[in-house]
file coords23.pdb (PDB, C-alpha atoms)
ATOM      1  CA  MET A   1    -102.177 -65.757  34.487
ATOM      2  CA  ALA A   2    -102.531 -63.830  31.246
ATOM      3  CA  GLY A   3    -104.854 -60.870  31.008
ATOM      4  CA  PRO A   4    -107.800 -60.705  28.666
ATOM      5  CA  THR A   5    -107.065 -61.129  24.992
ATOM      6  CA  VAL A   6    -107.926 -58.091  22.921
ATOM      7  CA  VAL A   7    -108.614 -58.804  19.287
ATOM      8  CA  PHE A   8    -108.732 -55.890  16.905
ATOM      9  CA  PRO A   9    -111.575 -56.051  14.397
ATOM     10  CA  GLY A  10    -110.601 -58.122  11.377
ATOM     11  CA  LYS A  11    -107.338 -59.338  13.002
ATOM     12  CA  SER A  12    -106.340 -62.718  14.419
ATOM     13  CA  VAL A  13    -105.249 -63.138  18.040
ATOM     14  CA  MET A  14    -101.624 -63.600  16.872
ATOM     15  CA  LYS A  15    -101.685 -60.413  14.790
ATOM     16  CA  SER A  16    -103.261 -58.545  17.720
ATOM     17  CA  ARG A  17    -100.465 -59.684  20.024
ATOM     18  CA  LYS A  18     -97.893 -58.653  17.446
ATOM     19  CA  ILE A  19     -99.499 -55.213  17.170
ATOM     20  CA  SER A  20     -99.560 -54.927  20.984
ATOM     21  CA  MET A  21     -95.872 -55.815  21.191
ATOM     22  CA  TRP A  22     -94.988 -53.231  18.534
ATOM     23  CA  CYS A  23     -96.998 -50.624  20.423
ATOM     24  CA  ALA A  24     -95.158 -51.436  23.659
ATOM     25  CA  ALA A  25     -91.765 -51.207  21.936
ATOM     26  CA  LEU A  26     -92.727 -47.920  20.335
ATOM     27  CA  ALA A  27     -93.917 -46.515  23.684
ATOM     28  CA  ILE A  28     -90.579 -47.433  25.290
ATOM     29  CA  LEU A  29     -88.681 -45.764  22.467
ATOM     30  CA  ILE A  30     -90.774 -42.612  22.583
ATOM     31  CA  ALA A  31     -90.299 -42.330  26.348
ATOM     32  CA  GLY A  32     -86.562 -42.784  25.930
ATOM     33  CA  VAL A  33     -86.292 -40.260  23.135
ATOM     34  CA  PHE A  34     -88.293 -37.739  25.158
ATOM     35  CA  LEU A  35     -86.069 -38.169  28.222
ATOM     36  CA  SER A  36     -82.831 -37.993  26.257
ATOM     37  CA  THR A  37     -83.849 -34.837  24.394
ATOM     38  CA  ILE A  38     -84.647 -32.745  27.458
ATOM     39  CA  PRO A  39     -82.573 -29.596  27.042
ATOM     40  CA  ALA A  40     -79.591 -29.128  29.325
ATOM     41  CA  SER A  41     -81.275 -26.108  30.907
ATOM     42  CA  ALA A  42     -84.072 -28.375  32.145
ATOM     43  CA  GLN A  43     -81.665 -31.046  33.372
ATOM     44  CA  GLY A  44     -79.546 -28.674  35.374
ATOM     45  CA  PHE A  45     -76.742 -26.200  35.149
ATOM     46  CA  LYS A  46     -73.356 -25.591  36.712
ATOM     47  CA  TRP A  47     -74.899 -24.524  39.997
ATOM     48  CA  TRP A  48     -71.489 -24.579  41.705
ATOM     49  CA  GLN A  49     -70.500 -21.635  39.483
ATOM     50  CA  SER A  50     -73.731 -19.679  39.998
ATOM     51  CA  ASP A  51     -73.322 -16.542  42.128
ATOM     52  CA  SER A  52     -76.688 -17.013  43.827
ATOM     53  CA  PHE A  53     -76.065 -20.689  44.626
ATOM     54  CA  THR A  54     -72.536 -20.168  45.900
ATOM     55  CA  ARG A  55     -73.687 -17.242  48.038
ATOM     56  CA  GLU A  56     -76.770 -18.976  49.469
ATOM     57  CA  LEU A  57     -74.920 -22.243  50.075
ATOM     58  CA  GLY A  58     -71.799 -20.579  51.425
ATOM     59  CA  LEU A  59     -69.837 -22.605  48.863
ATOM     60  CA  THR A  60     -66.100 -22.045  49.145
ATOM     61  CA  ALA A  61     -63.781 -21.625  46.161
ATOM     62  CA  ASP A  62     -62.187 -24.969  47.090
ATOM     63  CA  GLN A  63     -65.570 -26.729  47.059
ATOM     64  CA  SER A  64     -66.456 -25.184  43.721
ATOM     65  CA  THR A  65     -63.107 -26.290  42.285
ATOM     66  CA  LYS A  66     -63.592 -29.860  43.566
ATOM     67  CA  ILE A  67     -67.111 -30.059  42.119
ATOM     68  CA  GLU A  68     -65.907 -28.723  38.761
ATOM     69  CA  ALA A  69     -63.139 -31.361  38.748
ATOM     70  CA  ILE A  70     -65.738 -34.108  39.364
ATOM     71  CA  PHE A  71     -67.816 -32.732  36.495
ATOM     72  CA  GLN A  72     -64.847 -32.526  34.122
ATOM     73  CA  ARG A  73     -63.692 -36.071  34.997
ATOM     74  CA  THR A  74     -67.175 -37.472  34.374
ATOM     75  CA  LEU A  75     -68.073 -35.494  31.244
ATOM     76  CA  PRO A  76     -66.106 -37.666  28.752
ATOM     77  CA  VAL A  77     -67.716 -40.799  30.200
ATOM     78  CA  LEU A  78     -71.177 -39.248  29.932
ATOM     79  CA  ARG A  79     -70.522 -38.233  26.327
ATOM     80  CA  THR A  80     -69.340 -41.744  25.439
ATOM     81  CA  LEU A  81     -72.374 -43.325  27.096
ATOM     82  CA  LYS A  82     -74.705 -40.839  25.366
ATOM     83  CA  GLY A  83     -73.121 -41.824  22.050
ATOM     84  CA  SER A  84     -73.761 -45.499  22.836
ATOM     85  CA  LEU A  85     -77.372 -44.716  23.665
ATOM     86  CA  ASP A  86     -77.800 -42.720  20.454
ATOM     87  CA  ARG A  87     -76.350 -45.579  18.374
ATOM     88  CA  ALA A  88     -78.571 -48.149  20.106
ATOM     89  CA  GLU A  89     -81.637 -45.991  19.447
ATOM     90  CA  ALA A  90     -80.638 -45.541  15.791
ATOM     91  CA  ASP A  91     -80.278 -49.327  15.444
ATOM     92  CA  PHE A  92     -83.680 -49.741  17.061
ATOM     93  CA  ASN A  93     -85.259 -47.308  14.609
ATOM     94  CA  GLN A  94     -83.882 -49.303  11.685
ATOM     95  CA  MET A  95     -85.011 -52.601  13.198
ATOM     96  CA  VAL A  96     -88.588 -51.439  13.703
ATOM     97  CA  GLU A  97     -89.000 -51.314   9.953
ATOM     98  CA  ALA A  98     -87.196 -54.467   8.897
ATOM     99  CA  SER A  99     -86.760 -56.942  11.767
ATOM    100  CA  ASP A 100     -88.903 -59.511  13.477
ATOM    101  CA  ASP A 101     -90.402 -58.972  16.912
ATOM    102  CA  ALA A 102     -87.731 -60.932  18.778
ATOM    103  CA  GLN A 103     -84.933 -58.824  17.288
ATOM    104  CA  VAL A 104     -86.795 -55.606  18.021
ATOM    105  CA  MET A 105     -87.435 -56.588  21.631
ATOM    106  CA  ALA A 106     -83.796 -57.607  22.058
ATOM    107  CA  GLN A 107     -82.774 -54.166  20.787
ATOM    108  CA  VAL A 108     -85.183 -52.538  23.241
ATOM    109  CA  GLY A 109     -83.117 -54.276  25.934
ATOM    110  CA  VAL A 110     -79.913 -52.873  24.432
ATOM    111  CA  VAL A 111     -81.394 -49.355  24.330
ATOM    112  CA  GLU A 112     -82.606 -49.519  27.910
ATOM    113  CA  ALA A 113     -79.290 -50.962  29.139
ATOM    114  CA  ALA A 114     -77.444 -48.078  27.457
ATOM    115  CA  ARG A 115     -79.859 -45.579  29.014
ATOM    116  CA  SER A 116     -79.373 -47.216  32.410
ATOM    117  CA  GLU A 117     -75.577 -46.964  32.180
ATOM    118  CA  LEU A 118     -75.822 -43.280  31.284
ATOM    119  CA  ASN A 119     -78.175 -42.610  34.190
ATOM    120  CA  LYS A 120     -76.004 -44.552  36.647
ATOM    121  CA  SER A 121     -72.911 -42.577  35.652
ATOM    122  CA  ARG A 122     -74.766 -39.286  35.988
ATOM    123  CA  THR A 123     -76.147 -40.333  39.369
ATOM    124  CA  MET A 124     -72.669 -41.268  40.614
ATOM    125  CA  MET A 125     -71.338 -37.894  39.458
ATOM    126  CA  LEU A 126     -74.099 -36.123  41.375
ATOM    127  CA  LEU A 127     -73.426 -38.256  44.455
ATOM    128  CA  ARG A 128     -69.736 -37.361  44.359
ATOM    129  CA  MET A 129     -70.628 -33.686  44.011
ATOM    130  CA  ARG A 130     -73.030 -33.913  46.929
ATOM    131  CA  ARG A 131     -70.307 -35.401  49.127
ATOM    132  CA  VAL A 132     -68.259 -32.218  48.690
ATOM    133  CA  LEU A 133     -71.006 -30.262  50.474
ATOM    134  CA  THR A 134     -71.392 -30.061  54.245
ATOM    135  CA  PRO A 135     -74.606 -31.459  55.790
ATOM    136  CA  ASP A 136     -75.975 -27.903  56.182
ATOM    137  CA  GLN A 137     -75.147 -27.069  52.565
ATOM    138  CA  ARG A 138     -76.956 -30.233  51.428
ATOM    139  CA  VAL A 139     -80.121 -29.124  53.210
ATOM    140  CA  LYS A 140     -79.852 -25.642  51.689
ATOM    141  CA  PHE A 141     -79.139 -27.151  48.277
ATOM    142  CA  VAL A 142     -82.330 -29.232  48.363
ATOM    143  CA  MET A 143     -84.297 -26.102  49.316
ATOM    144  CA  LEU A 144     -82.710 -24.105  46.467
ATOM    145  CA  GLN A 145     -83.511 -26.869  43.969
ATOM    146  CA  GLN A 146     -87.121 -26.954  45.150
ATOM    147  CA  ARG A 147     -87.382 -23.184  44.823
ATOM    148  CA  MET A 148     -86.068 -23.395  41.243
ATOM    149  CA  ARG A 149     -88.573 -26.154  40.388
ATOM    150  CA  ASP A 150     -91.398 -24.096  41.861
ATOM    151  CA  ARG A 151     -90.362 -21.058  39.817
ATOM    152  CA  ARG A 152     -90.184 -23.129  36.631
ATOM    153  CA  ARG A 153     -93.629 -24.570  37.288
ATOM    154  CA  ALA A 154     -95.017 -21.102  37.970
ATOM    155  CA  GLY A 155     -93.474 -19.908  34.697
ATOM    156  CA  ASP A 156     -94.925 -22.890  32.838
ATOM    157  CA  ASP A 157     -98.348 -22.200  34.314
ATOM    158  CA  HIS A 158     -98.243 -18.626  33.019
ATOM    159  CA  LYS A 159     -97.364 -19.799  29.506
ATOM    160  CA  ARG A 160    -100.557 -21.856  29.217
TER     161      ARG A 160
END

call {"tool": "encode", "arguments": {"input": "coords23.pdb", "output": "structure tokens"}}
result
Amino acid sequence: MAGPTVVFPGKSVMKSRKISMWCAALAILIAGVFLSTIPASAQGFKWWQSDSFTRELGLTADQSTKIEAIFQRTLPVLRTLKGSLDRAEADFNQMVEASDDAQVMAQVGVVEAARSELNKSRTMMLLRMRRVLTPDQRVKFVMLQQRMRDRRRAGDDHKR
């Protein structure tokens, strides 16, 4: 069952639906652009090379080497997928101005599929890295991540 129809003053129901669809597509794009432009420092860092992390986790040189190898193997794939996402978003931006709603919505699907592939590859990389850690190190790692998030939030609170 469809929800209530909202008609903007001076607009027909069809135009109102078209405006609503454009707004939805724009919201999806903005969310995607925001997520893809988060600086690397906010997304993470090479924790396996951090003195404090390696010390607190008890990470061995062998573990660090294995995790770095996983990262290096995955990095070209992530870069390729990020390029695909960037191209899909650029195509979307051009379509918003010149294409009909069906084409724009189809491109939204392309953009989101590209974003999904990038996220899946990153998630698999992180899973492989996690498997290098012992169960105790995994618990400590989660605690260290939480501590870092808490510190960032505390720093953000002081900036306001």

call {"tool": "resolve_selection", "arguments": {"input": "coords23.pdb", "expression": "the PyMOL selection byres ((chain A and resi 77-80) around 10)", "output": "short mmCIF file (atom, residue, chain, number, x, y, z; two decimals) with C-alpha atoms, in the coordinates of the input"}}
result
data_model
loop_
_atom_site.label_atom_id
_atom_site.label_comp_id
_atom_site.auth_asym_id
_atom_site.auth_seq_id
_atom_site.Cartn_x
_atom_site.Cartn_y
_atom_site.Cartn_z
CA PHE A 71 -67.82 -32.73 36.49
CA GLN A 72 -64.85 -32.53 34.12
CA ARG A 73 -63.69 -36.07 35.00
CA THR A 74 -67.18 -37.47 34.37
CA LEU A 75 -68.07 -35.49 31.24
CA PRO A 76 -66.11 -37.67 28.75
CA LEU A 81 -72.37 -43.32 27.10
CA LYS A 82 -74.70 -40.84 25.37
CA GLY A 83 -73.12 -41.82 22.05
CA SER A 84 -73.76 -45.50 22.84
CA LEU A 85 -77.37 -44.72 23.66
CA ASP A 86 -77.80 -42.72 20.45
CA GLU A 117 -75.58 -46.96 32.18
CA LEU A 118 -75.82 -43.28 31.28
CA ASN A 119 -78.18 -42.61 34.19
CA LYS A 120 -76.00 -44.55 36.65
CA SER A 121 -72.91 -42.58 35.65
CA ARG A 122 -74.77 -39.29 35.99
CA MET A 125 -71.34 -37.89 39.46
#

call {"tool": "atom_distance", "arguments": {"input": "coords23.pdb", "atom1": "CA of Thr134 (chain A)", "atom2": "CA of Thr65 (chain A)"}}
result
15.0 Å

call {"tool": "closest_residue", "arguments": {"input": "coords23.pdb", "among": "A:Ser116, A:Gln63, A:Ser99, A:Gln94", "to": "Met129 (chain A)", "atoms": "only C-alpha atoms"}}
result
A:Gln63

call {"tool": "atom_distance", "arguments": {"input": "coords23.pdb", "atom1": "CA of Gly58 (chain A)", "atom2": "CA of Arg147 (chain A)"}}
result
17.1 Å

call {"tool": "resolve_selection", "arguments": {"input": "coords23.pdb", "expression": "the PyMOL selection byres ((chain A and resi 67) around 10)", "output": "CSV table (one decimal) with C-alpha atoms, keeping the file's coordinate frame"}}
result
chain,number,residue,atom,x,y,z
A,46,LYS,CA,-73.4,-25.6,36.7
A,47,TRP,CA,-74.9,-24.5,40.0
A,48,TRP,CA,-71.5,-24.6,41.7
A,49,GLN,CA,-70.5,-21.6,39.5
A,61,ALA,CA,-63.8,-21.6,46.2
A,62,ASP,CA,-62.2,-25.0,47.1
A,63,GLN,CA,-65.6,-26.7,47.1
A,64,SER,CA,-66.5,-25.2,43.7
A,65,THR,CA,-63.1,-26.3,42.3
A,66,LYS,CA,-63.6,-29.9,43.6
A,68,GLU,CA,-65.9,-28.7,38.8
A,69,ALA,CA,-63.1,-31.4,38.7
A,70,ILE,CA,-65.7,-34.1,39.4
A,71,PHE,CA,-67.8,-32.7,36.5
A,72,GLN,CA,-64.8,-32.5,34.1
A,73,ARG,CA,-63.7,-36.1,35.0
A,125,MET,CA,-71.3,-37.9,39.5
A,126,LEU,CA,-74.1,-36.1,41.4
A,128,ARG,CA,-69.7,-37.4,44.4
A,129,MET,CA,-70.6,-33.7,44.0
A,130,ARG,CA,-73.0,-33.9,46.9
A,131,ARG,CA,-70.3,-35.4,49.1
A,132,VAL,CA,-68.3,-32.2,48.7
A,133,LEU,CA,-71.0,-30.3,50.5

call {"tool": "residues_around", "arguments": {"input": "coords23.pdb", "residues": "Ala106 (chain A)", "least_positions_apart": "6", "cutoff": "12 Å", "atoms": "all atoms listed in the file", "output": "MDAnalysis selection string"}}
result
chainID A and resid 25 88 91:92 95:96 99:100 112:113

call {"tool": "closest_residue", "arguments": {"input": "coords23.pdb", "among": "A:Phe53, A:Phe45, A:Arg115, A:Val104", "to": "Val142 (chain A)", "atoms": "only C-alpha atoms"}}
result
A:Phe53

call {"tool": "closest_residue", "arguments": {"input": "coords23.pdb", "among": "A:Glu89, A:Asp156, A:Asp150, A:Asp51", "to": "Val110 (chain A)", "atoms": "all atoms listed in the file"}}
result
A:Glu89

call {"tool": "atom_distance", "arguments": {"input": "coords23.pdb", "atom1": "CA of Gly155 (chain A)", "atom2": "CA of Gln137 (chain A)"}}
result
26.6 Å

call {"tool": "closest_residue", "arguments": {"input": "coords23.pdb", "among": "A:Val108, A:Ala114, A:Leu57, A:Ala98", "to": "Met143 (chain A)", "atoms": "only C-alpha atoms"}}
result
A:Leu57

call {"tool": "closest_residue", "arguments": {"input": "coords23.pdb", "among": "A:Arg87, A:Ala102, A:Leu144, A:Pro135", "to": "Ser50 (chain A)", "atoms": "all atoms listed in the file"}}
result
A:Leu144

call {"tool": "axis_aligned_box", "arguments": {"input": "coords23.pdb", "around": "region 133-145 of chain A", "padding_each_side": "6 Å", "output": "AutoDock Vina command-line options"}}
result
--center_x -77.7 --center_y -27.8 --center_z 50.1 --size_x 25.3 --size_y 19.4 --size_z 24.2
